[in-house]
Each structure stands twice: as C-alpha cells, then as structure tokens.
Amino acid sequence: MAEVTLKGVTRSFGDKRAVDSLDLHIADGEFVVLLGPTGAGKTTTLRLIAGLEKPDAGTVEIGGRPMNGASPAGRDVAFVFQQYSLYPHLTVYENLAFPLRSPARRMDKATLDARVRQVAKMVRIDHKLENRSTRLSGGEMQRVAIGRALVRRPSIYLMDEPLSSLDAKLRGELRLELKRIQKELGATLLYVTHDQIEAMTMADRIGILAEGKLVQIGTPREIYANPANLHVAARLGQPHINLVPPGLLPDAATPAGTRTVGARTEHLEIARTEGGVAGNAEVDWIEHLGDQNHLHIKVGGHKLVTLADPDLPVEAGDRISVRLRQPLYFGSDGQRLA
Ligand SMILES: Nc1ncnc2c1ncn2[C@@H]1O[C@H](COP(=O)(O)OP(=O)(O)OP(=O)(O)O)[C@@H](O)[C@H]1O
C-alpha cells in the first residue's frame, strides 16, 4: 500500500469550485473518512485521486510519485462505488477473479484461485462462489463488489458510500468487517460517507469537507470533542448539537465574545424541580427509543433535544431545571473560542 498526498488540489465545474485548494495527506495503512454534506466535494476528491477527473491546479501524489497526467489504470487504485456494479452474467467467483485476469498481470491459475478464495472468505461470500451474481441479496452483492476491489493489492482503496444502499443491520455488520479487513491488510483507505456512525467507528482520522475545503481533520475523538467551528460541531453527535444564545441557560463562566453556545447531551445537567422550585425549562415531549429517550425541552422560546435515561421520572409538561456543564463556545465568526 502507499501514502497519498494532495497539495492545493482545485477542480471547478463552470462557476462551481467542487474542490478548493485541498491539502490532504493519507499515511500508508491509514483509514481516512471524508464526511460532509451533499455537494461538499467528497466524490470529486476521490475521482481526482483515481484520475477520473483532472485537477485545474495542484498535485496528487501516490506513493511519493506525482500523478499528473497518469491514466486511471496507471495509478494503481481500486474504487468501490455506492451501487454494486457486478457483471450479472458471471458467477461470484468470476466477478472476484476478473480484476486478476488482465494479461498484464500474468497471474498463474493457482495463485489466482488462492487469492479469490482468500478474499471470498474475508468478505464472507465463500459459500456462494458458484452463484450467479444476480442471484444474491443486496448485501451479498455489495460484499462481492468490495471483494472485487480487495483481490487486488492497489496503493489505495477509494470507497464512495459503499454501504449506503444497504439496510441498517447489514450496514452495521459490514462496517465492522470492513474495518477488520482494512486492519488485517494494512490497507490505505479513503472512504466517503454521510453517515457519522460509519465515520466515528471506522476512521483513524475524519476529514470534514465543506464547499470543497477541508475544514478540519483529526481523530474521531478530536473532531467530536474539539470541533474547530460550528460547521464541524454540527456534523457529529446524535441527537444534533443544541445551538443556543449565551445567557439562555445557567453557566459557570461564558467566555467574552461568545455568540453561540453548543450543548450536547453531556453538556446539559437536567434535574427535576421539587418543592415548588419553578425550574427554567419545560419538557415538551419524550421520544422513546428503547434503551434511551430523546427528551425535547423548551427553554425561553428555544427548543433543545437531549438523550435521557428512560428511568428519568419526567413527563411532557413537567417543569425541570437545565444548566450547562462545560459546553462549547463559538464566536460571531462561528469559530470555536478557547
Ligand atoms: N461532472 C460534473 N459536472 C458539473 N458539476 C459537477 C460535476 N461533478 C460534481 N459537480 C458539482 O460539484 C460539487 C461537488 O460534487 P461532489 O459530487 O463531489 O459532492 P459530494 O460531496 O460527493 O456530494 P454527495 O454527497 O451528494 O455525493 C457539486 O456542486 C456538484 O454539483
């Protein structure tokens, strides 16, 4: 596998800067996830690395070699798309073997067979090797599509929302398997998703893209706990971070210049009010999720959502008291304040 470096990469479509002066380094064997809203430039970034798009400016290096002008085939990358694109008339075995059959590889039959069977086992499709690919479930097809990338040993795997067409249970399973396989192979992997749980659970580092720019990159923990600005803070956390004006909730110390206070569940202290104490908030409604509840709260015309223990003895309409505990503070430019 190899490291990949983007330096000042820019790509526009008409007036639209899809990718804007992007600097990104992915270390050899690293799993980097690009997270961002629709249109942020995630797919275009993958396509620029794969050579499916040409940058207007900047360079892409793979394994320390500049790729300017190199064709997709000359770049040694493997791409997995959102929608499995298998050869319907071929068996699972032949779909997996296909990338290894190019004459340039001159792979002998026994090596090819061993490689196909090894990867089929990894993606847990080895019991269906003789099935036509059309006779598989969606999850199985996507396993084959991922396996077809894995049979090769490219410099980097590029994956564009490979799990998004699957149901939640399969997504959860494949997420774990993909992470396990990546570790086993020591693979360099750049993975695009909208799904914050995928990003949090699989990434060594998460890169947050917005309008073609890399806003922040760091470990999942860093991105979650130390977001550089409001945009990054809003990308992670379930339920969504609450953004409220300073002074709305009691707080030990609000830094000067605070325009917005960001409060996740762990930043809110909730207590029932007893003995005639008025309380500063009201329970609006409670969403029961099973192991946890979403508590919807009204405070002075603002609505907040927080996770709550199902045993918390409150009901809609109850008065409660809510205070802040070391929340995140943002200035008028949306940047985080120390
Ligand atoms: N071939 C193209 N022609 C014109 N505009 C394009 C083309 N490809 C991408 N764009 C534009 O560039 C911007 C970035 O697109 P891109 O597909 O990279 O975003 P994305 O972050 O992958 O979004 P999504 O999550 O919806 O896939 C968008 O505004 C898109 O409309």
# chains A, B, ... in the order shown; residues from 1 in each chain; ligands from 1
call {"tool": "residues_near_ligand", "arguments": {"ligand": "ligand 1", "cutoff": "10 Å", "atoms": "only C-alpha atoms and all ligand atoms", "output": "ChimeraX atom specification"}}
result
/A:11-19,34-48,53,82,160-161,192-194,209-212
call {"tool": "write_last_selection", "arguments": {"atoms": "N, CA and C atoms", "output": "short mmCIF file (atom, residue, chain, number, x, y, z; two decimals), in the first residue's frame"}}
result
data_model
loop_
_atom_site.label_atom_id
_atom_site.label_comp_id
_atom_site.auth_asym_id
_atom_site.auth_seq_id
_atom_site.Cartn_x
_atom_site.Cartn_y
_atom_site.Cartn_z
N ARG A 11 -10.62 21.83 -8.33
CA ARG A 11 -11.35 21.39 -9.51
C ARG A 11 -12.68 22.12 -9.56
N SER A 12 -12.92 22.87 -10.65
CA SER A 12 -14.19 23.59 -10.80
C SER A 12 -15.01 22.97 -11.92
N PHE A 13 -16.31 23.11 -11.79
CA PHE A 13 -17.24 22.78 -12.89
C PHE A 13 -17.98 24.07 -13.18
N GLY A 14 -17.69 24.72 -14.28
CA GLY A 14 -18.27 26.04 -14.54
C GLY A 14 -17.83 26.99 -13.44
N ASP A 15 -18.84 27.65 -12.81
CA ASP A 15 -18.51 28.60 -11.73
C ASP A 15 -18.30 27.90 -10.40
N LYS A 16 -18.65 26.63 -10.35
CA LYS A 16 -18.69 25.93 -9.05
C LYS A 16 -17.33 25.32 -8.74
N ARG A 17 -16.73 25.74 -7.61
CA ARG A 17 -15.49 25.10 -7.17
C ARG A 17 -15.84 23.86 -6.36
N ALA A 18 -15.79 22.72 -7.00
CA ALA A 18 -16.18 21.49 -6.30
C ALA A 18 -15.14 21.13 -5.26
N VAL A 19 -13.87 21.31 -5.59
CA VAL A 19 -12.77 21.07 -4.65
C VAL A 19 -11.87 22.29 -4.70
N LEU A 34 -13.88 10.83 4.72
CA LEU A 34 -14.31 12.20 4.39
C LEU A 34 -15.80 12.30 4.68
N LEU A 35 -16.14 13.27 5.50
CA LEU A 35 -17.53 13.45 5.91
C LEU A 35 -17.94 14.87 5.50
N GLY A 36 -19.14 14.99 4.98
CA GLY A 36 -19.58 16.34 4.62
C GLY A 36 -20.96 16.27 4.00
N PRO A 37 -21.65 17.39 3.93
CA PRO A 37 -22.99 17.39 3.36
C PRO A 37 -22.95 17.15 1.85
N THR A 38 -24.11 16.98 1.28
CA THR A 38 -24.18 16.75 -0.16
C THR A 38 -23.59 17.96 -0.91
N GLY A 39 -22.82 17.67 -1.94
CA GLY A 39 -22.21 18.74 -2.73
C GLY A 39 -20.93 19.30 -2.16
N ALA A 40 -20.41 18.70 -1.06
CA ALA A 40 -19.21 19.24 -0.40
C ALA A 40 -17.93 18.98 -1.19
N GLY A 41 -17.99 18.05 -2.14
CA GLY A 41 -16.80 17.76 -2.95
C GLY A 41 -16.14 16.43 -2.62
N LYS A 42 -16.85 15.57 -1.90
CA LYS A 42 -16.27 14.29 -1.46
C LYS A 42 -15.98 13.36 -2.65
N THR A 43 -17.01 13.15 -3.47
CA THR A 43 -16.83 12.25 -4.62
C THR A 43 -15.80 12.80 -5.58
N THR A 44 -15.84 14.10 -5.80
CA THR A 44 -14.87 14.71 -6.72
C THR A 44 -13.44 14.48 -6.21
N THR A 45 -13.25 14.55 -4.90
CA THR A 45 -11.91 14.29 -4.34
C THR A 45 -11.46 12.87 -4.67
N LEU A 46 -12.34 11.89 -4.49
CA LEU A 46 -11.98 10.51 -4.83
C LEU A 46 -11.66 10.39 -6.31
N ARG A 47 -12.48 11.02 -7.13
CA ARG A 47 -12.29 10.91 -8.59
C ARG A 47 -10.98 11.57 -9.03
N LEU A 48 -10.60 12.62 -8.32
CA LEU A 48 -9.31 13.28 -8.65
C LEU A 48 -8.14 12.36 -8.31
N GLU A 53 -10.99 12.48 -12.79
CA GLU A 53 -11.07 13.94 -13.03
C GLU A 53 -9.65 14.48 -13.03
N GLN A 82 -20.98 3.37 -4.74
CA GLN A 82 -22.17 3.23 -3.90
C GLN A 82 -23.04 2.07 -4.38
N ASP A 160 -16.72 5.00 -2.13
CA ASP A 160 -17.70 6.08 -2.15
C ASP A 160 -19.04 5.56 -1.63
N GLU A 161 -19.32 5.81 -0.39
CA GLU A 161 -20.55 5.37 0.27
C GLU A 161 -20.89 3.92 -0.07
N VAL A 192 -15.71 7.70 1.69
CA VAL A 192 -16.62 8.83 1.71
C VAL A 192 -17.97 8.41 2.29
N THR A 193 -18.51 9.20 3.17
CA THR A 193 -19.83 8.87 3.71
C THR A 193 -20.57 10.12 4.20
N HIS A 194 -21.89 9.97 4.34
CA HIS A 194 -22.72 10.96 5.03
C HIS A 194 -22.95 10.52 6.46
N LEU A 209 -15.32 18.00 5.18
CA LEU A 209 -15.30 18.85 3.99
C LEU A 209 -16.54 19.74 3.98
N ALA A 210 -16.34 20.98 3.56
CA ALA A 210 -17.47 21.89 3.34
C ALA A 210 -17.11 22.77 2.16
N GLU A 211 -17.99 22.81 1.18
CA GLU A 211 -17.79 23.64 -0.01
C GLU A 211 -16.39 23.47 -0.59
N GLY A 212 -15.98 22.23 -0.72
CA GLY A 212 -14.72 21.92 -1.39
C GLY A 212 -13.48 22.13 -0.55
#
call {"tool": "residues_around", "arguments": {"residues": "Pro154 in chain A", "least_positions_apart": "4", "cutoff": "9 Å", "atoms": "only C-alpha atoms", "output": "ChimeraX atom specification"}}
result
/A:1-2,75-78,149-150,187-188
call {"tool": "residues_around", "arguments": {"residues": "Glu177 in chain A", "least_positions_apart": "2", "cutoff": "12 Å", "atoms": "only C-alpha atoms", "output": "MDAnalysis selection string"}}
result
chainID A and resid 121:124 143 146:147 163 170:175 179:184 198 201:202
call {"tool": "closest_residue", "arguments": {"among": "A:Gln196, A:Asn68, A:Thr273, A:Gln335", "to": "Pro313 in chain A", "atoms": "only C-alpha atoms"}}
result
A:Thr273
call {"tool": "residues_around", "arguments": {"residues": "Ile217 in chain A", "least_positions_apart": "5", "cutoff": "8 Å", "atoms": "only C-alpha atoms", "output": "ChimeraX atom specification"}}
result
/A:205-208,223
call {"tool": "write_last_selection", "arguments": {"atoms": "N, CA and C atoms", "output": "PDB file, in the first residue's frame"}}
result
ATOM      1  N   ARG A 205      -8.693   8.757  11.048  1.00  0.00           N
ATOM      2  CA  ARG A 205      -8.936  10.204  11.092  1.00  0.00           C
ATOM      3  C   ARG A 205     -10.138  10.535  10.226  1.00  0.00           C
ATOM      4  N   ILE A 206     -10.882  11.542  10.663  1.00  0.00           N
ATOM      5  CA  ILE A 206     -12.028  12.041   9.896  1.00  0.00           C
ATOM      6  C   ILE A 206     -11.651  13.403   9.322  1.00  0.00           C
ATOM      7  N   GLY A 207     -11.900  13.588   8.034  1.00  0.00           N
ATOM      8  CA  GLY A 207     -11.732  14.898   7.414  1.00  0.00           C
ATOM      9  C   GLY A 207     -13.110  15.472   7.136  1.00  0.00           C
ATOM     10  N   ILE A 208     -13.349  16.689   7.630  1.00  0.00           N
ATOM     11  CA  ILE A 208     -14.656  17.325   7.413  1.00  0.00           C
ATOM     12  C   ILE A 208     -14.525  18.270   6.224  1.00  0.00           C
ATOM     13  N   ILE A 223     -12.363  15.332  16.614  1.00  0.00           N
ATOM     14  CA  ILE A 223     -13.382  16.036  15.836  1.00  0.00           C
ATOM     15  C   ILE A 223     -14.662  16.204  16.658  1.00  0.00           C
TER      16      ILE A 223
END
call {"tool": "residues_around", "arguments": {"residues": "Val244 in chain A", "least_positions_apart": "3", "cutoff": "7 Å", "atoms": "only C-alpha atoms", "output": "list in words"}}
result
Leu248, Thr260, Val261 and Gly262 of chain A
call {"tool": "closest_residue", "arguments": {"among": "A:Ala281, A:Leu324, A:Glu266, A:Ala199", "to": "Leu236 in chain A", "atoms": "only C-alpha atoms"}}
result
A:Ala199
call {"tool": "select_by_dssp", "arguments": {"residues": "range 56-231 of chain A", "states": "strand (DSSP E)", "output": "number ranges by chain"}}
result
A: 57-62, 65-66, 77-80, 156-160, 189-193, 205-210, 213-218
call {"tool": "write_last_selection", "arguments": {"atoms": "C-alpha atoms", "output": "PDB file, in the first residue's frame"}}
result
ATOM      1  CA  ALA A  57      -4.461  23.207 -10.144  1.00  0.00           C
ATOM      2  CA  GLY A  58      -2.434  21.268  -7.603  1.00  0.00           C
ATOM      3  CA  THR A  59      -0.936  17.806  -7.493  1.00  0.00           C
ATOM      4  CA  VAL A  60      -1.894  14.305  -6.434  1.00  0.00           C
ATOM      5  CA  GLU A  61       0.952  12.043  -5.312  1.00  0.00           C
ATOM      6  CA  ILE A  62       0.593   8.329  -4.737  1.00  0.00           C
ATOM      7  CA  ARG A  65       5.110   9.869  -7.209  1.00  0.00           C
ATOM      8  CA  PRO A  66       3.270  12.790  -8.851  1.00  0.00           C
ATOM      9  CA  VAL A  77      -6.105   2.482  -7.189  1.00  0.00           C
ATOM     10  CA  ALA A  78      -9.213   0.363  -6.542  1.00  0.00           C
ATOM     11  CA  PHE A  79     -12.580   2.129  -6.433  1.00  0.00           C
ATOM     12  CA  VAL A  80     -15.774   0.830  -4.801  1.00  0.00           C
ATOM     13  CA  ILE A 156      -5.062   2.821  -2.103  1.00  0.00           C
ATOM     14  CA  TYR A 157      -8.684   1.769  -1.874  1.00  0.00           C
ATOM     15  CA  LEU A 158     -11.193   4.530  -2.625  1.00  0.00           C
ATOM     16  CA  MET A 159     -14.732   3.856  -1.410  1.00  0.00           C
ATOM     17  CA  ASP A 160     -17.703   6.082  -2.149  1.00  0.00           C
ATOM     18  CA  LEU A 189      -8.245   3.568   2.523  1.00  0.00           C
ATOM     19  CA  LEU A 190     -10.099   6.783   1.740  1.00  0.00           C
ATOM     20  CA  TYR A 191     -13.798   6.406   2.420  1.00  0.00           C
ATOM     21  CA  VAL A 192     -16.624   8.834   1.712  1.00  0.00           C
ATOM     22  CA  THR A 193     -19.834   8.871   3.706  1.00  0.00           C
ATOM     23  CA  ARG A 205      -8.936  10.204  11.092  1.00  0.00           C
ATOM     24  CA  ILE A 206     -12.028  12.041   9.896  1.00  0.00           C
ATOM     25  CA  GLY A 207     -11.732  14.898   7.414  1.00  0.00           C
ATOM     26  CA  ILE A 208     -14.656  17.325   7.413  1.00  0.00           C
ATOM     27  CA  LEU A 209     -15.301  18.848   3.988  1.00  0.00           C
ATOM     28  CA  ALA A 210     -17.471  21.890   3.340  1.00  0.00           C
ATOM     29  CA  LYS A 213     -12.486  22.850   1.550  1.00  0.00           C
ATOM     30  CA  LEU A 214     -11.081  20.665   4.285  1.00  0.00           C
ATOM     31  CA  VAL A 215     -12.408  22.386   7.400  1.00  0.00           C
ATOM     32  CA  GLN A 216     -10.800  20.086   9.957  1.00  0.00           C
ATOM     33  CA  ILE A 217      -9.073  16.722  10.100  1.00  0.00           C
ATOM     34  CA  GLY A 218      -8.383  14.666  13.205  1.00  0.00           C
TER      35      GLY A 218
END
call {"tool": "select_by_dssp", "arguments": {"residues": "range 35-109 of chain A", "states": "helix (DSSP H, G or I)", "output": "ChimeraX atom specification"}}
result
/A:42-50,73-75,92-100,109
call {"tool": "closest_residue", "arguments": {"among": "A:Ala308, A:Leu268, A:Ala114, A:Leu22", "to": "Val322 in chain A", "atoms": "only C-alpha atoms"}}
result
A:Leu268
call {"tool": "closest_residue", "arguments": {"among": "A:Asp309, A:Asp126, A:Asp291, A:Asp113", "to": "Leu100 in chain A", "atoms": "only C-alpha atoms"}}
result
A:Asp113
call {"tool": "residues_around", "arguments": {"residues": "Ile125 in chain A", "least_positions_apart": "2", "cutoff": "12 Å", "atoms": "only C-alpha atoms", "output": "PyMOL selection string"}}
result
chain A and resi 91-93+95-96+116-123+127-131+133+136-137+139-148
